[in-house]
Structures are given as structure tokens and as C-alpha cells.
Amino acid sequence: MNIDEIFDYTSFTIDREPHIILDPTVCAGCVQRGCVNSCPARCYSYNETEGSVTFVYDGCLECGTCYIVCDRNAFTRWGYPRGGFGVAFRMT
Ligand code: SF4
Ligand code: SF4
């Protein structure tokens, strides 16, 4: 099963309170940008023109990859959505 197929079995209840918040000043100096290349949900994107990383948490799969790969501790908050919110996987 590839990542696009996983989304066929995934639903989200989006919390208005973000469970992950980045410090853009930290990301501005990052050249590796491991989050952009490793987030399976493509929550991170790099704008070459502006030289900035954009993050949206709506489709986060809560896998924890970005927390592990970021070597600059760019998160002012990293956690999971509140109870009842976030991703729900249905594999059957
Ligand atoms: S979250 Fe971490 S890895 Fe991603 S751009 Fe910001 S500093 Fe770099
Ligand atoms: S926890 Fe996983 S899915 Fe969510 S933003 Fe980080 S890498 Fe992407």
C-alpha cells in the first residue's frame, strides 16, 4: 500500500488549535530541510522564490517523522491533537 492509498482509508477531524507550530526564524536558516523531503503527508513545502518553509497541519498523519529529522529544534510546539481530533485510520 502506498501513501496515496493510505489516504483513501484516512479521515481527519481538524482541530483549530495547531498541534505543531514552527518557529519561522529557525527554519529560515535551515538548508537541509529534512521535513520537506520526509513528511509523508507533504505538510511541509519549500518556496524557492521566498526562501521559506510553509507548514500546514491539517493533513498530518501524526507519524513523528518531522520531530525526528529536524536537527534545529524548530518547534515551538510539537504534540498530538487533542482528544477527538486529528487523523483516524480505517484499515478494514
Ligand atoms: S522544521 Fe526543522 S528541518 Fe524543517 S525547515 Fe524547519 S528547521 Fe529545517
Ligand atoms: S508528524 Fe508526520 S505527517 Fe505530521 S507533519 Fe510531521 S512528518 Fe508530517
# chains A, B, ... in the order shown; residues from 1 in each chain; ligands from 1

$ residues_near_ligand --ligand "ligand 2" --cutoff "12 Å" --atoms "only C-alpha atoms and all ligand atoms" --output "JSON list (two decimals) with C-alpha atoms, in the first residue's frame"
[["chain", "number", "residue", "atom", "x", "y", "z"],
["A", 3, "ILE", "CA", 0.93, 6.70, 0.74],
["A", 7, "PHE", "CA", -5.23, 8.49, 2.34],
["A", 18, "PRO", "CA", -2.48, 23.52, 15.89],
["A", 19, "HIS", "CA", -0.63, 20.62, 17.45],
["A", 20, "ILE", "CA", 2.61, 21.54, 15.69],
["A", 21, "ILE", "CA", 3.94, 25.09, 15.49],
["A", 22, "LEU", "CA", 7.21, 26.10, 13.84],
["A", 33, "ARG", "CA", 15.01, 20.90, 5.25],
["A", 34, "GLY", "CA", 14.59, 17.25, 6.07],
["A", 35, "CYS", "CA", 10.95, 17.86, 6.95],
["A", 36, "VAL", "CA", 10.10, 18.83, 3.38],
["A", 37, "ASN", "CA", 11.59, 15.64, 1.98],
["A", 38, "SER", "CA", 10.38, 13.22, 4.62],
["A", 39, "CYS", "CA", 6.86, 14.21, 5.67],
["A", 40, "PRO", "CA", 4.63, 11.53, 4.10],
["A", 41, "ALA", "CA", 1.64, 13.85, 4.16],
["A", 42, "ARG", "CA", 3.52, 16.69, 2.43],
["A", 43, "CYS", "CA", 2.64, 19.09, 5.20],
["A", 44, "TYR", "CA", 5.87, 20.98, 4.60],
["A", 45, "SER", "CA", 6.75, 22.80, 1.41],
["A", 54, "THR", "CA", 5.47, 26.60, 4.84],
["A", 55, "PHE", "CA", 3.72, 24.17, 7.12],
["A", 56, "VAL", "CA", 0.06, 23.12, 7.28],
["A", 57, "TYR", "CA", -1.05, 20.67, 9.92],
["A", 58, "ASP", "CA", -4.45, 19.74, 8.50],
["A", 59, "GLY", "CA", -3.34, 16.50, 6.84],
["A", 60, "CYS", "CA", -0.80, 15.44, 9.45],
["A", 61, "LEU", "CA", -0.62, 11.66, 9.87],
["A", 62, "GLU", "CA", 0.95, 12.04, 13.35],
["A", 63, "CYS", "CA", 3.87, 9.84, 12.41],
["A", 64, "GLY", "CA", 6.53, 11.86, 14.25],
["A", 65, "THR", "CA", 8.99, 11.94, 11.37],
["A", 66, "CYS", "CA", 9.40, 15.70, 11.30],
["A", 67, "TYR", "CA", 10.20, 15.79, 15.00],
["A", 68, "ILE", "CA", 12.97, 13.24, 14.47],
["A", 69, "VAL", "CA", 14.52, 14.66, 11.31],
["A", 70, "CYS", "CA", 14.60, 18.32, 12.35],
["A", 75, "PHE", "CA", 9.23, 23.57, 17.05],
["A", 77, "ARG", "CA", 5.10, 23.22, 19.90],
["A", 78, "TRP", "CA", 5.18, 19.60, 18.86],
["A", 79, "GLY", "CA", 2.47, 17.29, 20.13],
["A", 80, "TYR", "CA", -0.59, 15.38, 19.13],
["A", 81, "PRO", "CA", -4.05, 16.80, 18.53],
["A", 86, "GLY", "CA", -6.64, 14.54, 14.26],
["A", 87, "VAL", "CA", -6.26, 11.58, 11.97]]

$ select_by_dssp --residues "chain A" --states "strand (DSSP E)" --output "PyMOL selection string"
chain A and resi 10-13+20-22+44-47+52-55+75-78+86-89

$ closest_residue --among "A:Met1, A:Ser52, A:Asp8, A:Arg16" --to "ligand 1" --atoms "only C-alpha atoms and all ligand atoms"
A:Ser52

$ residues_around --residues "Asp23 in chain A" --least-positions-apart "3" --cutoff "8 Å" --atoms "only C-alpha atoms" --output "list in words"
Val26, Cys27, Ala74, Phe75 and Thr76 of chain A

$ write_last_selection --atoms "N, CA and C atoms" --output "PDB file, in the first residue's frame"
ATOM      1  N   VAL A  26      13.822  30.028  12.847  1.00  0.00           N
ATOM      2  CA  VAL A  26      14.742  28.890  12.870  1.00  0.00           C
ATOM      3  C   VAL A  26      14.773  28.233  11.489  1.00  0.00           C
ATOM      4  N   CYS A  27      13.618  28.046  10.907  1.00  0.00           N
ATOM      5  CA  CYS A  27      13.537  27.406   9.592  1.00  0.00           C
ATOM      6  C   CYS A  27      14.212  28.259   8.509  1.00  0.00           C
ATOM      7  N   ALA A  74      13.158  23.286  15.696  1.00  0.00           N
ATOM      8  CA  ALA A  74      12.408  24.437  15.191  1.00  0.00           C
ATOM      9  C   ALA A  74      10.997  24.537  15.742  1.00  0.00           C
ATOM     10  N   PHE A  75      10.620  23.622  16.620  1.00  0.00           N
ATOM     11  CA  PHE A  75       9.226  23.573  17.051  1.00  0.00           C
ATOM     12  C   PHE A  75       9.011  24.361  18.334  1.00  0.00           C
ATOM     13  N   THR A  76       8.117  25.330  18.251  1.00  0.00           N
ATOM     14  CA  THR A  76       7.683  25.969  19.484  1.00  0.00           C
ATOM     15  C   THR A  76       6.598  25.115  20.145  1.00  0.00           C
TER      16      THR A  76
END

$ atom_distance --atom1 "CA of Cys30 in chain A" --atom2 "CA of Asn2 in chain A"
29.0 Å

$ atom_distance --atom1 "CA of Gly84 in chain A" --atom2 "atom 1 (S, counted along the ligand's line) of ligand 1"
25.7 Å

$ select_by_dssp --residues "chain A" --states "alpha helix (DSSP H)" --output "PyMOL selection string"
chain A and resi 3-8+24-28+34-38+65-69

$ closest_residue --among "A:Phe12, A:Ala88, A:Gly29, A:Gly83" --to "ligand 1" --atoms "only C-alpha atoms and all ligand atoms"
A:Gly29

$ closest_residue --among "A:Thr10, A:Gln32, A:Gly51, A:Phe85" --to "ligand 1" --atoms "only C-alpha atoms and all ligand atoms"
A:Gln32

$ closest_residue --among "A:Asp15, A:Tyr9, A:Val31, A:Asp4" --to "ligand 1" --atoms "only C-alpha atoms and all ligand atoms"
A:Val31

$ closest_residue --among "A:Glu17, A:Glu50, A:Arg90, A:Arg72" --to "Glu5 in chain A" --atoms "only C-alpha atoms"
A:Arg90

$ closest_residue --among "A:Thr13, A:Val53, A:Ile6, A:Pro24" --to "Arg82 in chain A" --atoms "only C-alpha atoms"
A:Thr13

$ decode --residues "chain A" --atoms "C-alpha atoms" --output "PDB file, in the first residue's frame"
ATOM      1  CA  MET A   1       0.000   0.000   0.000  1.00  0.00           C
ATOM      2  CA  ASN A   2       1.495   3.365  -0.958  1.00  0.00           C
ATOM      3  CA  ILE A   3       0.926   6.699   0.736  1.00  0.00           C
ATOM      4  CA  ASP A   4      -1.774   7.801  -1.698  1.00  0.00           C
ATOM      5  CA  GLU A   5      -3.732   4.616  -0.996  1.00  0.00           C
ATOM      6  CA  ILE A   6      -3.380   5.185   2.743  1.00  0.00           C
ATOM      7  CA  PHE A   7      -5.229   8.486   2.341  1.00  0.00           C
ATOM      8  CA  ASP A   8      -8.171   6.546   0.893  1.00  0.00           C
ATOM      9  CA  TYR A   9      -8.562   4.968   4.327  1.00  0.00           C
ATOM     10  CA  THR A  10      -7.887   8.074   6.353  1.00  0.00           C
ATOM     11  CA  SER A  11     -10.117  10.794   7.700  1.00  0.00           C
ATOM     12  CA  PHE A  12      -9.373  13.919   9.670  1.00  0.00           C
ATOM     13  CA  THR A  13     -11.180  15.904  12.306  1.00  0.00           C
ATOM     14  CA  ILE A  14      -9.257  19.119  12.208  1.00  0.00           C
ATOM     15  CA  ASP A  15      -8.590  20.929  15.442  1.00  0.00           C
ATOM     16  CA  ARG A  16      -8.495  24.713  15.207  1.00  0.00           C
ATOM     17  CA  GLU A  17      -5.660  24.607  17.724  1.00  0.00           C
ATOM     18  CA  PRO A  18      -2.485  23.522  15.887  1.00  0.00           C
ATOM     19  CA  HIS A  19      -0.632  20.619  17.449  1.00  0.00           C
ATOM     20  CA  ILE A  20       2.610  21.542  15.689  1.00  0.00           C
ATOM     21  CA  ILE A  21       3.944  25.087  15.492  1.00  0.00           C
ATOM     22  CA  LEU A  22       7.211  26.101  13.835  1.00  0.00           C
ATOM     23  CA  ASP A  23       9.485  28.985  14.660  1.00  0.00           C
ATOM     24  CA  PRO A  24       9.931  30.504  11.176  1.00  0.00           C
ATOM     25  CA  THR A  25      13.126  32.274  12.206  1.00  0.00           C
ATOM     26  CA  VAL A  26      14.742  28.890  12.870  1.00  0.00           C
ATOM     27  CA  CYS A  27      13.537  27.406   9.592  1.00  0.00           C
ATOM     28  CA  ALA A  28      14.782  30.440   7.679  1.00  0.00           C
ATOM     29  CA  GLY A  29      18.365  29.410   8.325  1.00  0.00           C
ATOM     30  CA  CYS A  30      17.868  25.736   7.517  1.00  0.00           C
ATOM     31  CA  VAL A  31      19.392  24.405   4.332  1.00  0.00           C
ATOM     32  CA  GLN A  32      18.806  20.692   4.880  1.00  0.00           C
ATOM     33  CA  ARG A  33      15.006  20.903   5.249  1.00  0.00           C
ATOM     34  CA  GLY A  34      14.592  17.250   6.071  1.00  0.00           C
ATOM     35  CA  CYS A  35      10.951  17.862   6.954  1.00  0.00           C
ATOM     36  CA  VAL A  36      10.100  18.827   3.375  1.00  0.00           C
ATOM     37  CA  ASN A  37      11.594  15.642   1.983  1.00  0.00           C
ATOM     38  CA  SER A  38      10.384  13.223   4.621  1.00  0.00           C
ATOM     39  CA  CYS A  39       6.858  14.206   5.667  1.00  0.00           C
ATOM     40  CA  PRO A  40       4.631  11.531   4.105  1.00  0.00           C
ATOM     41  CA  ALA A  41       1.639  13.849   4.163  1.00  0.00           C
ATOM     42  CA  ARG A  42       3.516  16.686   2.429  1.00  0.00           C
ATOM     43  CA  CYS A  43       2.641  19.089   5.203  1.00  0.00           C
ATOM     44  CA  TYR A  44       5.872  20.976   4.596  1.00  0.00           C
ATOM     45  CA  SER A  45       6.752  22.801   1.412  1.00  0.00           C
ATOM     46  CA  TYR A  46       9.638  24.982   0.379  1.00  0.00           C
ATOM     47  CA  ASN A  47       9.052  28.174  -1.572  1.00  0.00           C
ATOM     48  CA  GLU A  48      12.230  28.803  -3.551  1.00  0.00           C
ATOM     49  CA  THR A  49      11.249  32.355  -4.500  1.00  0.00           C
ATOM     50  CA  GLU A  50      10.703  33.424  -0.919  1.00  0.00           C
ATOM     51  CA  GLY A  51      13.240  31.020   0.532  1.00  0.00           C
ATOM     52  CA  SER A  52      10.780  29.957   3.202  1.00  0.00           C
ATOM     53  CA  VAL A  53       9.236  26.766   4.511  1.00  0.00           C
ATOM     54  CA  THR A  54       5.471  26.601   4.840  1.00  0.00           C
ATOM     55  CA  PHE A  55       3.723  24.167   7.120  1.00  0.00           C
ATOM     56  CA  VAL A  56       0.061  23.122   7.278  1.00  0.00           C
ATOM     57  CA  TYR A  57      -1.045  20.675   9.923  1.00  0.00           C
ATOM     58  CA  ASP A  58      -4.451  19.744   8.504  1.00  0.00           C
ATOM     59  CA  GLY A  59      -3.336  16.503   6.843  1.00  0.00           C
ATOM     60  CA  CYS A  60      -0.798  15.441   9.451  1.00  0.00           C
ATOM     61  CA  LEU A  61      -0.621  11.664   9.869  1.00  0.00           C
ATOM     62  CA  GLU A  62       0.945  12.036  13.354  1.00  0.00           C
ATOM     63  CA  CYS A  63       3.872   9.836  12.413  1.00  0.00           C
ATOM     64  CA  GLY A  64       6.531  11.862  14.253  1.00  0.00           C
ATOM     65  CA  THR A  65       8.991  11.940  11.367  1.00  0.00           C
ATOM     66  CA  CYS A  66       9.401  15.705  11.302  1.00  0.00           C
ATOM     67  CA  TYR A  67      10.196  15.789  15.001  1.00  0.00           C
ATOM     68  CA  ILE A  68      12.968  13.243  14.469  1.00  0.00           C
ATOM     69  CA  VAL A  69      14.525  14.657  11.308  1.00  0.00           C
ATOM     70  CA  CYS A  70      14.596  18.317  12.353  1.00  0.00           C
ATOM     71  CA  ASP A  71      18.088  18.910  13.672  1.00  0.00           C
ATOM     72  CA  ARG A  72      17.429  22.546  14.630  1.00  0.00           C
ATOM     73  CA  ASN A  73      14.640  22.122  17.186  1.00  0.00           C
ATOM     74  CA  ALA A  74      12.408  24.437  15.191  1.00  0.00           C
ATOM     75  CA  PHE A  75       9.226  23.573  17.051  1.00  0.00           C
ATOM     76  CA  THR A  76       7.683  25.969  19.484  1.00  0.00           C
ATOM     77  CA  ARG A  77       5.102  23.223  19.900  1.00  0.00           C
ATOM     78  CA  TRP A  78       5.176  19.597  18.855  1.00  0.00           C
ATOM     79  CA  GLY A  79       2.471  17.292  20.127  1.00  0.00           C
ATOM     80  CA  TYR A  80      -0.592  15.376  19.133  1.00  0.00           C
ATOM     81  CA  PRO A  81      -4.054  16.801  18.530  1.00  0.00           C
ATOM     82  CA  ARG A  82      -6.462  16.980  21.430  1.00  0.00           C
ATOM     83  CA  GLY A  83      -8.716  14.018  22.073  1.00  0.00           C
ATOM     84  CA  GLY A  84     -11.316  13.557  19.357  1.00  0.00           C
ATOM     85  CA  PHE A  85      -9.256  15.474  16.819  1.00  0.00           C
ATOM     86  CA  GLY A  86      -6.638  14.536  14.263  1.00  0.00           C
ATOM     87  CA  VAL A  87      -6.256  11.583  11.974  1.00  0.00           C
ATOM     88  CA  ALA A  88      -8.326   8.413  12.035  1.00  0.00           C
ATOM     89  CA  PHE A  89      -7.107   5.338  10.182  1.00  0.00           C
ATOM     90  CA  ARG A  90      -9.516   2.725   8.923  1.00  0.00           C
ATOM     91  CA  MET A  91      -7.692  -0.301   7.515  1.00  0.00           C
ATOM     92  CA  THR A  92     -10.616  -2.724   7.300  1.00  0.00           C
TER      93      THR A  92
END
